[in-house]
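Visitor: input-v8.cif is reproduced below (mmCIF, C-alpha atoms).
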```
data_input
#
loop_
_atom_site.group_PDB
_atom_site.id
_atom_site.type_symbol
_atom_site.label_atom_id
_atom_site.label_comp_id
_atom_site.auth_asym_id
_atom_site.auth_seq_id
_atom_site.Cartn_x
_atom_site.Cartn_y
_atom_site.Cartn_z
ATOM 1 C CA GLY A 29 -13.290 7.657 -12.238
ATOM 2 C CA VAL A 30 -16.908 7.726 -13.221
ATOM 3 C CA ILE A 31 -19.464 5.213 -14.409
ATOM 4 C CA GLN A 32 -22.002 7.008 -16.541
ATOM 5 C CA ALA A 33 -25.199 5.386 -17.815
ATOM 6 C CA ILE A 34 -27.035 7.115 -20.633
ATOM 7 C CA ASN A 35 -30.663 6.718 -21.815
ATOM 8 C CA LYS A 36 -32.485 4.252 -19.578
ATOM 9 C CA LEU A 37 -34.222 1.546 -21.569
ATOM 10 C CA PRO A 38 -37.511 -0.186 -20.746
ATOM 11 C CA ALA A 39 -37.313 -3.220 -18.427
ATOM 12 C CA ASP A 40 -38.479 -5.582 -21.189
ATOM 13 C CA PHE A 41 -35.732 -4.402 -23.536
ATOM 14 C CA THR A 42 -33.551 -7.250 -24.880
ATOM 15 C CA GLU A 43 -30.048 -7.389 -26.359
ATOM 16 C CA GLU A 44 -31.555 -8.203 -29.768
ATOM 17 C CA MET A 45 -33.371 -4.861 -29.690
ATOM 18 C CA LYS A 46 -30.195 -2.870 -28.983
ATOM 19 C CA GLY A 47 -29.698 -1.826 -32.627
ATOM 20 C CA GLN A 48 -33.200 -0.340 -32.594
ATOM 21 C CA ALA A 49 -32.794 1.492 -29.288
ATOM 22 C CA ALA A 50 -32.940 4.998 -30.743
ATOM 23 C CA ALA A 51 -36.153 4.224 -32.632
ATOM 24 C CA LEU A 52 -37.793 2.455 -29.679
ATOM 25 C CA VAL A 53 -36.818 5.017 -27.042
ATOM 26 C CA GLY A 54 -37.117 8.048 -29.305
ATOM 27 C CA ASN A 55 -36.768 11.411 -27.637
ATOM 28 C CA SER A 56 -38.411 10.260 -24.428
ATOM 29 C CA SER A 57 -36.033 7.975 -22.586
ATOM 30 C CA LEU A 58 -37.059 6.730 -19.181
ATOM 31 C CA PRO A 59 -35.629 8.371 -16.076
ATOM 32 C CA PHE A 60 -33.200 6.431 -13.917
ATOM 33 C CA VAL A 61 -34.705 5.492 -10.539
ATOM 34 C CA ARG A 62 -33.252 5.192 -7.046
ATOM 35 C CA ASP A 63 -32.708 1.423 -7.512
ATOM 36 C CA ASP A 64 -30.579 2.192 -10.583
ATOM 37 C CA GLU A 65 -28.477 4.546 -8.464
ATOM 38 C CA LYS A 66 -28.034 1.887 -5.775
ATOM 39 C CA ILE A 67 -27.047 -0.806 -8.267
ATOM 40 C CA LEU A 68 -24.578 1.443 -10.062
ATOM 41 C CA LEU A 69 -23.218 2.674 -6.735
ATOM 42 C CA HIS A 70 -22.575 -0.937 -5.654
ATOM 43 C CA LEU A 71 -20.942 -1.647 -9.003
ATOM 44 C CA SER A 72 -18.744 1.436 -8.684
ATOM 45 C CA GLN A 73 -17.665 0.325 -5.209
ATOM 46 C CA HIS A 74 -16.671 -3.087 -6.556
ATOM 47 C CA VAL A 75 -14.871 -1.468 -9.485
ATOM 48 C CA GLY A 76 -13.027 0.779 -7.027
ATOM 49 C CA ILE A 77 -12.003 -2.238 -4.944
ATOM 50 C CA ALA A 78 -10.888 -4.127 -8.069
ATOM 51 C CA MET A 79 -8.875 -1.124 -9.263
ATOM 52 C CA ARG A 80 -7.223 -0.740 -5.850
ATOM 53 C CA ASN A 81 -6.457 -4.463 -5.765
ATOM 54 C CA ALA A 82 -4.893 -4.197 -9.227
ATOM 55 C CA GLN A 83 -2.771 -1.248 -8.027
ATOM 56 C CA VAL A 84 -1.673 -3.136 -4.908
ATOM 57 C CA TYR A 85 -0.836 -6.144 -7.068
ATOM 58 C CA ARG A 86 1.252 -3.992 -9.451
ATOM 59 C CA GLU A 87 3.062 -2.441 -6.476
ATOM 60 C CA ALA A 88 3.713 -5.887 -4.989
ATOM 61 C CA ILE A 89 5.101 -7.174 -8.282
ATOM 62 C CA SER A 90 7.306 -4.085 -8.599
ATOM 63 C CA ALA A 91 8.549 -4.454 -5.014
ATOM 64 C CA SER A 92 9.233 -8.140 -5.629
ATOM 65 C CA GLU A 93 11.207 -7.363 -8.800
ATOM 66 C CA ARG A 94 13.194 -4.703 -6.963
ATOM 67 C CA ALA A 95 13.918 -7.045 -4.063
ATOM 68 C CA THR A 96 14.989 -9.757 -6.502
ATOM 69 C CA GLY A 97 17.278 -7.247 -8.216
ATOM 70 C CA LEU A 98 18.808 -6.302 -4.876
ATOM 71 C CA LEU A 99 19.344 -9.959 -3.942
ATOM 72 C CA ASN A 100 20.913 -10.662 -7.348
ATOM 73 C CA THR A 101 23.234 -7.696 -6.890
ATOM 74 C CA ILE A 102 24.266 -8.806 -3.417
ATOM 75 C CA GLN A 103 24.879 -12.343 -4.679
ATOM 76 C CA SER A 104 26.999 -10.982 -7.529
ATOM 77 C CA LEU A 105 28.999 -8.818 -5.136
ATOM 78 C CA SER A 106 29.714 -11.783 -2.881
ATOM 79 C CA GLN A 107 31.549 -13.479 -5.749
ATOM 80 C CA ASP A 108 35.204 -12.794 -6.334
ATOM 81 C CA LEU A 109 34.859 -10.034 -8.930
ATOM 82 C CA GLY A 110 37.412 -7.487 -10.024
ATOM 83 C CA THR A 111 36.662 -3.808 -9.554
ATOM 84 C CA GLN A 112 35.466 -3.315 -13.136
ATOM 85 C CA SER A 113 33.135 -6.334 -13.000
ATOM 86 C CA MET A 114 31.773 -5.351 -9.599
ATOM 87 C CA LEU A 115 30.998 -1.801 -10.703
ATOM 88 C CA LEU A 116 29.404 -2.993 -13.940
ATOM 89 C CA THR A 117 27.216 -5.348 -11.882
ATOM 90 C CA ILE A 118 26.139 -2.502 -9.593
ATOM 91 C CA THR A 119 25.308 -0.274 -12.553
ATOM 92 C CA MET A 120 23.300 -2.977 -14.290
ATOM 93 C CA HIS A 121 21.248 -3.734 -11.173
ATOM 94 C CA ALA A 122 20.855 -0.198 -9.782
ATOM 95 C CA ASN A 123 18.299 0.752 -12.441
ATOM 96 C CA LYS A 124 16.049 -2.143 -11.517
ATOM 97 C CA ILE A 125 16.443 -1.735 -7.765
ATOM 98 C CA VAL A 126 15.247 1.891 -7.717
ATOM 99 C CA SER A 127 13.284 1.886 -11.008
ATOM 100 C CA SER A 128 15.525 4.472 -12.664
ATOM 101 C CA GLU A 129 16.084 5.219 -16.316
ATOM 102 C CA ARG A 130 19.867 5.347 -15.959
ATOM 103 C CA ALA A 131 22.550 4.746 -13.374
ATOM 104 C CA THR A 132 26.214 5.619 -13.205
ATOM 105 C CA VAL A 133 28.879 4.550 -10.725
ATOM 106 C CA PHE A 134 31.554 7.208 -10.230
ATOM 107 C CA LEU A 135 34.938 6.516 -8.679
ATOM 108 C CA VAL A 136 37.317 9.138 -7.334
ATOM 109 C CA ASP A 137 40.483 9.801 -9.318
ATOM 110 C CA GLU A 138 42.433 11.560 -6.535
ATOM 111 C CA PRO A 139 45.548 12.485 -8.581
ATOM 112 C CA ASN A 140 43.360 14.310 -11.127
ATOM 113 C CA GLN A 141 40.742 15.465 -8.588
ATOM 114 C CA GLN A 142 37.995 13.997 -10.770
ATOM 115 C CA LEU A 143 35.073 11.662 -10.572
ATOM 116 C CA TRP A 144 34.980 9.215 -13.435
ATOM 117 C CA SER A 145 32.512 6.600 -14.484
ATOM 118 C CA VAL A 146 34.042 3.194 -15.061
ATOM 119 C CA SER A 147 30.749 1.906 -16.348
ATOM 120 C CA THR A 148 27.444 3.405 -17.309
ATOM 121 C CA ASP A 149 24.387 1.910 -18.877
ATOM 122 C CA THR A 150 25.256 3.774 -22.082
ATOM 123 C CA GLY A 151 28.883 2.618 -22.194
ATOM 124 C CA GLN A 152 30.212 6.191 -22.182
ATOM 125 C CA GLU A 153 32.976 7.258 -19.845
ATOM 126 C CA ILE A 154 32.230 10.498 -18.037
ATOM 127 C CA ARG A 155 34.827 12.573 -16.194
ATOM 128 C CA ILE A 156 33.863 15.544 -14.057
ATOM 129 C CA PRO A 157 35.725 17.632 -11.467
ATOM 130 C CA LYS A 158 35.519 16.027 -8.030
ATOM 131 C CA THR A 159 33.488 18.946 -6.677
ATOM 132 C CA ALA A 160 31.190 19.436 -9.697
ATOM 133 C CA GLY A 161 27.484 18.818 -9.775
ATOM 134 C CA ILE A 162 25.365 16.597 -7.607
ATOM 135 C CA ALA A 163 27.768 13.643 -7.789
ATOM 136 C CA GLY A 164 30.643 15.892 -6.717
ATOM 137 C CA HIS A 165 28.651 17.347 -3.828
ATOM 138 C CA CYS A 166 27.558 13.856 -2.751
ATOM 139 C CA CYS A 167 31.163 12.646 -2.890
ATOM 140 C CA THR A 168 32.754 15.557 -1.025
ATOM 141 C CA ALA A 169 29.993 15.895 1.604
ATOM 142 C CA GLY A 170 29.432 12.148 1.986
ATOM 143 C CA GLN A 171 25.661 12.729 2.080
ATOM 144 C CA VAL A 172 22.644 11.160 0.403
ATOM 145 C CA ILE A 173 21.114 13.623 -2.055
ATOM 146 C CA ASN A 174 17.561 13.181 -3.407
ATOM 147 C CA ILE A 175 16.462 15.853 -5.887
ATOM 148 C CA PRO A 176 13.029 15.758 -7.556
ATOM 149 C CA ASP A 177 13.873 18.465 -10.173
ATOM 150 C CA ALA A 178 17.548 18.526 -11.185
ATOM 151 C CA TYR A 179 17.367 21.744 -13.208
ATOM 152 C CA ALA A 180 15.856 23.616 -10.255
ATOM 153 C CA ASP A 181 18.834 22.717 -8.038
ATOM 154 C CA SER A 182 21.798 25.110 -8.224
ATOM 155 C CA ARG A 183 24.270 22.256 -7.560
ATOM 156 C CA PHE A 184 23.227 20.449 -10.741
ATOM 157 C CA SER A 185 25.694 20.760 -13.592
ATOM 158 C CA GLN A 186 24.065 20.542 -17.009
ATOM 159 C CA GLU A 187 27.401 19.762 -18.692
ATOM 160 C CA VAL A 188 26.922 15.975 -18.697
ATOM 161 C CA ASP A 189 23.429 16.348 -20.177
ATOM 162 C CA LYS A 190 24.883 18.600 -22.880
ATOM 163 C CA MET A 191 27.660 16.077 -23.602
ATOM 164 C CA THR A 192 25.349 13.059 -23.747
ATOM 165 C CA GLY A 193 22.125 14.595 -25.084
ATOM 166 C CA PHE A 194 20.224 13.103 -22.158
ATOM 167 C CA ARG A 195 17.721 15.136 -20.096
ATOM 168 C CA THR A 196 18.111 14.558 -16.337
ATOM 169 C CA GLN A 197 14.937 15.134 -14.339
ATOM 170 C CA SER A 198 15.396 13.635 -10.876
ATOM 171 C CA ILE A 199 18.532 12.430 -9.132
ATOM 172 C CA LEU A 200 19.289 10.120 -6.227
ATOM 173 C CA ALA A 201 22.990 10.162 -5.304
ATOM 174 C CA ILE A 202 24.395 7.866 -2.627
ATOM 175 C CA PRO A 203 28.029 8.039 -1.491
ATOM 176 C CA ILE A 204 30.093 4.851 -1.645
ATOM 177 C CA LEU A 205 31.791 4.615 1.727
ATOM 178 C CA GLU A 206 34.702 2.267 2.256
ATOM 179 C CA ASP A 207 35.156 0.483 5.561
ATOM 180 C CA ASP A 208 38.439 1.425 7.212
#
```
Translate this structure into C-alpha coordinates?

Guide:
Amino acid sequence: GVIQAINKLPADFTEEMKGQAAALVGNSSLPFVRDDEKILLHLSQHVGIAMRNAQVYREAISASERATGLLNTIQSLSQDLGTQSMLLTITMHANKIVSSERATVFLVDEPNQQLWSVSTDTGQEIRIPKTAGIAGHCCTAGQVINIPDAYADSRFSQEVDKMTGFRTQSILAIPILEDD
(Lines of atoms letter the chains of each structure in order from A and count residues from 1; the text may use other names and numbers.)
(Lines give C-alpha, C1' and ligand atoms only; values in the text may rest on other atoms or scores of the structure.)
Protein backbone atom coordinates (compact mmCIF):
# COMPACT_ATOMS: atom_id res chain seq x y z
CA GLY A 1 0.00 0.00 0.00
CA VAL A 2 0.87 3.64 -0.12
CA ILE A 3 0.23 6.68 2.02
CA GLN A 4 0.24 9.73 -0.19
CA ALA A 5 0.12 13.30 1.14
CA ILE A 6 -0.78 16.04 -1.30
CA ASN A 7 -0.22 19.83 -1.05
CA LYS A 8 1.63 20.65 2.16
CA LEU A 9 -0.12 23.35 4.15
CA PRO A 10 1.49 26.05 6.30
CA ALA A 11 2.29 25.10 9.92
CA ASP A 12 -0.24 27.61 11.29
CA PHE A 13 -3.03 26.14 9.18
CA THR A 14 -6.09 25.09 11.23
CA GLU A 15 -8.97 22.67 10.59
CA GLU A 16 -11.35 25.64 10.31
CA MET A 17 -9.34 26.90 7.34
CA LYS A 18 -9.55 23.58 5.48
CA GLY A 19 -12.42 24.70 3.22
CA GLN A 20 -10.29 27.65 2.11
CA ALA A 21 -7.15 25.61 1.48
CA ALA A 22 -7.10 26.08 -2.29
CA ALA A 23 -7.44 29.85 -1.96
CA LEU A 24 -4.85 30.12 0.82
CA VAL A 25 -2.27 27.82 -0.76
CA GLY A 26 -2.98 28.83 -4.35
CA ASN A 27 -0.64 27.45 -6.96
CA SER A 28 2.37 27.55 -4.67
CA SER A 29 2.03 24.82 -2.08
CA LEU A 30 4.88 24.29 0.32
CA PRO A 31 7.33 21.46 -0.28
CA PHE A 32 7.35 18.50 2.09
CA VAL A 33 10.50 18.38 4.23
CA ARG A 34 12.61 15.54 5.58
CA ASP A 35 10.72 15.62 8.92
CA ASP A 36 7.47 15.06 7.00
CA GLU A 37 9.04 12.01 5.35
CA LYS A 38 10.16 10.64 8.72
CA ILE A 39 6.75 11.16 10.32
CA LEU A 40 4.89 9.58 7.42
CA LEU A 41 7.42 6.75 7.29
CA HIS A 42 6.80 6.02 10.99
CA LEU A 43 3.06 6.17 10.40
CA SER A 44 3.35 3.79 7.45
CA GLN A 45 5.34 1.35 9.59
CA HIS A 46 2.63 1.41 12.26
CA VAL A 47 -0.06 1.00 9.61
CA GLY A 48 1.87 -1.97 8.20
CA ILE A 49 2.10 -3.54 11.65
CA ALA A 50 -1.61 -2.93 12.28
CA MET A 51 -2.52 -4.45 8.91
CA ARG A 52 -0.34 -7.50 9.58
CA ASN A 53 -1.86 -7.87 13.04
CA ALA A 54 -5.34 -7.70 11.50
CA GLN A 55 -4.34 -10.40 8.98
CA VAL A 56 -2.91 -12.62 11.73
CA TYR A 57 -6.08 -12.09 13.75
CA ARG A 58 -8.28 -13.06 10.77
CA GLU A 59 -6.14 -16.16 10.18
CA ALA A 60 -6.37 -17.09 13.87
CA ILE A 61 -10.15 -16.70 13.86
CA SER A 62 -10.39 -18.80 10.68
CA ALA A 63 -8.13 -21.49 12.15
CA SER A 64 -10.18 -21.48 15.35
CA GLU A 65 -13.44 -21.85 13.39
CA ARG A 66 -11.95 -24.69 11.37
CA ALA A 67 -10.68 -26.44 14.50
CA THR A 68 -14.08 -26.02 16.13
CA GLY A 69 -15.71 -27.50 13.02
CA LEU A 70 -13.34 -30.47 13.15
CA LEU A 71 -14.04 -31.03 16.86
CA ASN A 72 -17.80 -30.80 16.25
CA THR A 73 -17.50 -33.34 13.44
CA ILE A 74 -15.48 -35.73 15.58
CA GLN A 75 -17.99 -35.37 18.43
CA SER A 76 -20.85 -36.07 16.02
CA LEU A 77 -19.08 -39.13 14.65
CA SER A 78 -18.54 -40.52 18.14
CA GLN A 79 -22.31 -40.68 18.62
CA ASP A 80 -24.24 -43.71 17.51
CA LEU A 81 -25.29 -42.48 14.06
CA GLY A 82 -26.51 -44.48 11.11
CA THR A 83 -24.55 -44.37 7.88
CA GLN A 84 -26.79 -41.73 6.29
CA SER A 85 -26.61 -39.44 9.35
CA MET A 86 -22.86 -39.88 9.68
CA LEU A 87 -22.23 -39.02 6.03
CA LEU A 88 -24.56 -36.02 6.18
CA THR A 89 -22.65 -34.81 9.25
CA ILE A 90 -19.32 -35.16 7.44
CA THR A 91 -20.63 -33.29 4.41
CA MET A 92 -22.04 -30.46 6.50
CA HIS A 93 -18.79 -30.00 8.43
CA ALA A 94 -16.28 -30.61 5.61
CA ASN A 95 -16.98 -27.23 4.01
CA LYS A 96 -16.15 -25.39 7.21
CA ILE A 97 -13.11 -27.48 8.07
CA VAL A 98 -11.31 -26.78 4.78
CA SER A 99 -13.12 -23.55 3.82
CA SER A 100 -14.64 -25.02 0.66
CA GLU A 101 -17.65 -23.92 -1.32
CA ARG A 102 -19.05 -27.44 -1.61
CA ALA A 103 -18.36 -30.94 -0.37
CA THR A 104 -19.61 -34.34 -1.41
CA VAL A 105 -19.15 -37.73 0.23
CA PHE A 106 -19.08 -40.57 -2.30
CA LEU A 107 -19.59 -44.21 -1.38
CA VAL A 108 -18.69 -47.17 -3.56
CA ASP A 109 -21.56 -49.13 -5.09
CA GLU A 110 -19.57 -52.29 -5.95
CA PRO A 111 -22.38 -54.20 -7.74
CA ASN A 112 -22.86 -51.28 -10.15
CA GLN A 113 -19.18 -50.22 -10.18
CA GLN A 114 -20.21 -46.66 -9.33
CA LEU A 115 -19.49 -43.94 -6.85
CA TRP A 116 -22.62 -42.33 -5.52
CA SER A 117 -23.22 -39.42 -3.24
CA VAL A 118 -25.54 -40.20 -0.36
CA SER A 119 -25.52 -36.58 0.66
CA THR A 120 -24.29 -33.35 -0.82
CA ASP A 121 -24.68 -29.79 0.29
CA THR A 122 -27.09 -29.27 -2.62
CA GLY A 123 -29.24 -32.33 -1.84
CA GLN A 124 -28.64 -33.84 -5.29
CA GLU A 125 -27.63 -37.45 -5.71
CA ILE A 126 -24.71 -37.92 -8.08
CA ARG A 127 -23.69 -41.25 -9.60
CA ILE A 128 -20.50 -41.65 -11.58
CA PRO A 129 -18.52 -44.67 -12.81
CA LYS A 130 -16.14 -45.91 -10.12
CA THR A 131 -13.11 -45.00 -12.24
CA ALA A 132 -14.38 -41.63 -13.55
CA GLY A 133 -12.95 -38.26 -12.72
CA ILE A 134 -10.94 -37.16 -9.74
CA ALA A 135 -13.18 -38.93 -7.22
CA GLY A 136 -12.86 -42.17 -9.18
CA HIS A 137 -9.09 -41.86 -9.41
CA CYS A 138 -8.86 -41.06 -5.69
CA CYS A 139 -11.04 -44.08 -4.88
CA THR A 140 -9.26 -46.61 -7.09
CA ALA A 141 -5.72 -45.39 -6.31
CA GLY A 142 -6.40 -44.72 -2.62
CA GLN A 143 -4.40 -41.48 -2.85
CA VAL A 144 -4.92 -37.90 -1.72
CA ILE A 145 -5.41 -35.65 -4.75
CA ASN A 146 -5.04 -31.85 -4.52
CA ILE A 147 -5.69 -30.00 -7.79
CA PRO A 148 -5.52 -26.19 -8.00
CA ASP A 149 -7.15 -25.99 -11.49
CA ALA A 150 -9.65 -28.79 -12.17
CA TYR A 151 -10.15 -28.01 -15.86
CA ALA A 152 -6.40 -28.19 -16.50
CA ASP A 153 -6.25 -31.76 -15.13
CA SER A 154 -6.96 -34.52 -17.66
CA ARG A 155 -8.50 -36.74 -14.95
CA PHE A 156 -11.25 -34.20 -14.25
CA SER A 157 -14.62 -35.11 -15.70
CA GLN A 158 -16.76 -32.09 -16.53
CA GLU A 159 -19.94 -34.21 -16.62
CA VAL A 160 -20.99 -33.43 -13.04
CA ASP A 161 -20.48 -29.70 -13.62
CA LYS A 162 -22.62 -29.96 -16.76
CA MET A 163 -25.33 -31.86 -14.85
CA THR A 164 -25.40 -29.46 -11.89
CA GLY A 165 -24.50 -26.14 -13.54
CA PHE A 166 -21.72 -25.65 -11.01
CA ARG A 167 -18.20 -24.57 -12.03
CA THR A 168 -15.48 -26.57 -10.24
CA GLN A 169 -12.18 -24.73 -9.86
CA SER A 170 -10.04 -26.57 -7.32
CA ILE A 171 -10.45 -30.03 -5.83
CA LEU A 172 -9.18 -31.81 -2.74
CA ALA A 173 -10.11 -35.51 -2.75
CA ILE A 174 -9.32 -37.76 0.21
CA PRO A 175 -9.99 -41.51 0.15
CA ILE A 176 -12.13 -42.97 2.94
CA LEU A 177 -10.21 -45.99 4.17
CA GLU A 178 -11.90 -48.59 6.33
CA ASP A 179 -9.99 -50.33 9.09
CA ASP A 180 -9.82 -54.07 8.52

Visitor: Starting from the shown file, work through the PyMOL selection byres ((chain A and resi 184-198) around 8) and note down what comes out as a list of chain:residue names.

Guide: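 After applying the PyMOL selection byres ((chain A and resi 184-198) around 8), what remains is A:Ile154, A:Ala160, A:Gly161, A:Ile162, A:Asn174, A:Ile175, A:Pro176, A:Asp177, A:Ala178, A:Tyr179, A:Asp181, A:Ser182, A:Arg183, A:Ile199, A:Leu200.
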
Visitor: Can you tell me how far CA of Ala122 (chain A) sits from CA of Glu93 (chain A), in Å to one decimal?

Guide: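 Spanning CA of Ala122 (chain A) to CA of Glu93 (chain A) is a straight-line distance of 12.1 Å.
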
Visitor: For a quick check of understanding, using only C-alpha atoms, which of A:Gln107, A:Ala78, A:Ile125, A:Met114 has the smallest distance to Ser92 (chain A)?

Guide: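 So, comparing all the options, the nearest one is A:Ile125.
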
Visitor: Take the PyMOL selection byres ((chain A and resi 131) around 8), run it mentally on this structure, and tell me the resulting residues as number ranges by chain.

Guide: A: 119-120, 122-123, 128-130, 132-133, 148-149
